[in-house]
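Notes follow the structure.
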Amino acid sequence: VVIQPSSDGQISIRYRESEERPCEITKENGTLRIRQTYSQHWYSSLVYGIFSSFRYLGDEIVLQVPENSLDSLSVENSNQGIRIEGISAQSQLSLVTSNGRIDAENVGAEHCRFQTSNSSIELSQLNSAGELECYSTNGRLSVEQANCGTFKARTSNGPMELSGVICTHTLVLENSNGKIDMEETSAGTALSAVTSNSFILLEKAVCPQILLKTSNGAISGSILGSRADYSVIGKT
């Protein structure tokens with residue numbers, strides 16, 4: 001699924017449809033719903049081979065929407081990626097998929113949620129006055145240049161990399177079997193980063209309360225401010 005700004009301020013959809021892949025488009029109470037399903041006939045594997053479903057993997061649904069006039073935008077997908085660029089919504093932006101990568105650049109909403117499994121999340125130039133959430137498994141999480149109220153992220157078996165993330169309230173990171181790497185990241189009240197079997201690197205961080213915790217890995221980095229502003233407690 002590819003989501004782009006429209007050049008004429010209108011909503012347009014480009015997709016490929018067939019008997020096995022019907023597409024249903026409805027509008028109700030100001031909400032536009034697009035649903036495409038895949039149903040394979042029993043004889044398709046005989047005609048196209050056992051990998052018959054893979055002939056659709058290159059297809060994309062391209063949705064073009066007005067750049068700044070949406071109240072909310074929600075996309076749910078499976079076994080395919082989602083790409084979005086240059087779109088802002090008033091209340092909510094939610095992108096959820098499985099077995100597919102999520103790429104988002106120059107987007108924003110009051111509440112932003114990005115969720116996938118067995119793949120990565122790549123975000124840059126985000127704005128969210130409320131909550132920014134990122135959840136993945138077995139994939140990399142990368143966030144560059146984001147401004148938000150609170151930031152929550154969780155992944156496993158993949159690295160977390162944050163650069164230029166500014167939170168007015170709290171920032172909470174949870175990982176397992178993967179590193180957490182933060183550069184020029186700040187939180188107004190509290191910053192927490194927890195992982196296992198890997199290291200935590202914190203460079204030029206700003207926050208009055210910082211919790212860093214790992215097992216079988218090192219913790220290193222730098223915090224901006226005077227040494228007298230902080231008390232450090234370390235355990236091994």
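Note on naming: chains are A, B, ... as they come in the structure tokens, residues start from 1 per chain, ligands start from 1 in the order shown.
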
>> Which of region 27-213 of chain A end up as helix (DSSP H, G or I) when DSSP is run on this backbone - answer as a VMD selection string?
In response: chain A and resid 44 to 48 52 to 56

Go ahead and write the residues just picked, N, CA and C atoms, as a compact mmCIF listing (two decimals), in the first residue's frame.
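Once written, again15.txt looks like this:
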```txt
# COMPACT_ATOMS: atom_id res chain seq x y z
N SER A 44 -5.99 -23.21 -9.02
CA SER A 44 -4.98 -22.21 -9.39
C SER A 44 -3.57 -22.77 -9.32
N SER A 45 -3.31 -23.61 -8.30
CA SER A 45 -1.98 -24.17 -8.17
C SER A 45 -1.64 -25.11 -9.31
N LEU A 46 -2.69 -25.71 -9.94
CA LEU A 46 -2.44 -26.58 -11.08
C LEU A 46 -2.13 -25.77 -12.34
N VAL A 47 -2.79 -24.60 -12.46
CA VAL A 47 -2.60 -23.77 -13.64
C VAL A 47 -1.31 -22.96 -13.55
N TYR A 48 -1.07 -22.33 -12.35
CA TYR A 48 0.05 -21.41 -12.20
C TYR A 48 1.21 -22.00 -11.40
N SER A 52 1.48 -19.92 -6.99
CA SER A 52 0.58 -19.08 -7.76
C SER A 52 0.27 -17.75 -7.08
N SER A 53 0.19 -17.76 -5.73
CA SER A 53 -0.16 -16.52 -5.02
C SER A 53 0.92 -15.46 -5.14
N PHE A 54 2.17 -15.88 -5.42
CA PHE A 54 3.26 -14.92 -5.48
C PHE A 54 3.20 -14.03 -6.72
N ARG A 55 2.35 -14.37 -7.68
CA ARG A 55 2.29 -13.53 -8.88
C ARG A 55 1.64 -12.18 -8.61
N TYR A 56 1.02 -12.03 -7.42
CA TYR A 56 0.40 -10.76 -7.04
C TYR A 56 1.27 -9.91 -6.13
```

> Out of region 113-206 of chain A, which residues get strand (DSSP E or B) from DSSP, as a PyMOL selection string?
Replying inline: chain A and resi 113-115+121-135+141-154+160-167+170-174+180-183+186-187+190-194+200-206

> What lies within 6 Å of Ala109 (chain A) using only C-alpha atoms, ignoring chain neighbours under 5 positions off, as a list in words?
Replying inline: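 Here the answer would be Ser88, Ala89, Gln90, Ser91, Gln92, Leu93 and Ser128 of chain A.
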
> Taking into account only C-alpha atoms, which residue in the set A:Arg83, A:Gln125, A:Asn77, A:Ile3 is nearest to Gln36 (chain A)?
Replying inline: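 That would be A:Asn77, the residue with the smallest distance to Gln36 (chain A).
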
>> To one decimal place in Å, what is the distance between CA of Ile121 (chain A) and CA of Glu203 (chain A)?
In response: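 Separating CA of Ile121 (chain A) from CA of Glu203 (chain A) is a distance of 21.8 Å.
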
>> If we count only C-alpha atoms and set the cut-off at 12 Å, which residues sit around Lys213 (chain A), ignoring sequence neighbours fewer than 4 positions away in its own chain? Please answer as a PyMOL selection string.
In response: chain A and resi 172-176+179-180+191-202+217-220+233-236

Just the selected residues (C-alpha atoms), exported as an mmCIF file, in the first residue's frame, please.
```cif
data_model
loop_
_atom_site.group_PDB
_atom_site.id
_atom_site.type_symbol
_atom_site.label_atom_id
_atom_site.label_comp_id
_atom_site.auth_asym_id
_atom_site.auth_seq_id
_atom_site.Cartn_x
_atom_site.Cartn_y
_atom_site.Cartn_z
ATOM 1 C CA VAL A 172 9.917 4.436 26.768
ATOM 2 C CA LEU A 173 11.886 1.835 24.763
ATOM 3 C CA GLU A 174 11.677 -1.936 25.204
ATOM 4 C CA ASN A 175 13.763 -4.432 23.263
ATOM 5 C CA SER A 176 15.087 -7.949 23.601
ATOM 6 C CA LYS A 179 20.747 -2.965 20.732
ATOM 7 C CA ILE A 180 19.279 0.434 21.616
ATOM 8 C CA LEU A 191 13.495 8.379 29.564
ATOM 9 C CA SER A 192 13.590 4.595 29.881
ATOM 10 C CA ALA A 193 15.479 2.094 27.697
ATOM 11 C CA VAL A 194 15.499 -1.638 28.494
ATOM 12 C CA THR A 195 16.962 -4.510 26.465
ATOM 13 C CA SER A 196 18.724 -7.835 26.902
ATOM 14 C CA ASN A 197 21.686 -9.622 25.336
ATOM 15 C CA SER A 198 22.893 -6.422 23.694
ATOM 16 C CA PHE A 199 24.200 -2.924 24.467
ATOM 17 C CA ILE A 200 22.689 0.523 25.027
ATOM 18 C CA LEU A 201 24.384 3.612 23.580
ATOM 19 C CA LEU A 202 23.185 7.069 24.592
ATOM 20 C CA GLY A 217 25.662 -6.016 27.310
ATOM 21 C CA ALA A 218 27.350 -2.666 27.965
ATOM 22 C CA ILE A 219 25.838 0.769 28.662
ATOM 23 C CA SER A 220 27.754 3.839 27.480
ATOM 24 C CA ILE A 233 23.281 4.283 40.217
ATOM 25 C CA GLY A 234 24.893 1.296 38.490
ATOM 26 C CA LYS A 235 24.379 -2.449 38.941
ATOM 27 C CA THR A 236 25.911 -5.484 37.270
#
```

>> Please list as a ChimeraX atom specification every residue within 6 Å of Gly178 (chain A), counting only C-alpha atoms and excluding residues in the same chain fewer than 5 positions away.
In response: /A:157-159,198

Using only C-alpha atoms, please write the residues we just selected to a file, as a PDB file, in the first residue's frame.
```
ATOM      1  CA  ASN A 157      15.489  -9.498  17.739  1.00  0.00           C
ATOM      2  CA  GLY A 158      16.367  -6.265  15.979  1.00  0.00           C
ATOM      3  CA  PRO A 159      18.096  -2.944  16.660  1.00  0.00           C
ATOM      4  CA  SER A 198      22.893  -6.422  23.694  1.00  0.00           C
TER       5      SER A 198
END
```

>> For Asn99 (chain A), find every residue with an atom within 7 Å (counting only C-alpha atoms), except residues of its own chain fewer than 6 positions away, and show them as a ChimeraX atom specification.
In response: /A:78-80,116-119

What does the file look like for those residues with N, CA and C atoms, as a CSV table (one decimal), in the first residue's frame?
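Generated file (again-v3.csv):
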```
chain,number,residue,atom,x,y,z
A,78,SER,N,-1.7,-7.0,5.3
A,78,SER,CA,-1.0,-8.2,5.8
A,78,SER,C,-0.1,-8.7,4.6
A,79,ASN,N,1.0,-9.2,5.0
A,79,ASN,CA,2.0,-9.8,4.0
A,79,ASN,C,2.4,-8.8,2.9
A,80,GLN,N,2.3,-7.5,3.2
A,80,GLN,CA,2.8,-6.5,2.3
A,80,GLN,C,3.2,-5.3,3.1
A,116,THR,N,4.0,-3.6,13.0
A,116,THR,CA,4.2,-4.7,12.0
A,116,THR,C,4.9,-5.9,12.7
A,117,SER,N,5.1,-7.0,12.0
A,117,SER,CA,5.8,-8.1,12.6
A,117,SER,C,6.7,-8.7,11.5
A,118,ASN,N,7.8,-9.3,12.0
A,118,ASN,CA,8.8,-9.9,11.1
A,118,ASN,C,9.3,-9.0,10.0
A,119,SER,N,9.4,-7.7,10.3
A,119,SER,CA,9.9,-6.7,9.4
A,119,SER,C,10.2,-5.4,10.1
```

> Which is closer to Glu105 (chain A) than all the others in A:Glu76, A:Glu85, A:Glu17, A:Glu60, using only C-alpha atoms?
Replying inline: A:Glu85

> Which residues, written as an MDAnalysis selection string, have at least one atom at most 10 Å from region 29-33 of chain A, with only C-alpha atoms counted and residues fewer than 4 positions away on the same chain left out?
Replying inline: chainID A and resid 11 24:25 71:75

>> Using Å and a single decimal, report how far CA of Asn138 (chain A) sits from CA of Ser98 (chain A).
In response: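 Taking CA of Ser98 (chain A) and CA of Asn138 (chain A), their separation equals 11.1 Å.
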
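Considering the residues A:Met160, A:Ile34, A:Val2, A:Val232 and counting only C-alpha atoms, Ala104 (chain A) has its shortest atom-to-atom contact with A:Val2.
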
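Distance annotation: of A:Gly81, A:Gly188, A:Gly139, A:Gly86, the residue with the minimal separation from Ser156 (chain A) is A:Gly139; atom set is only C-alpha atoms.
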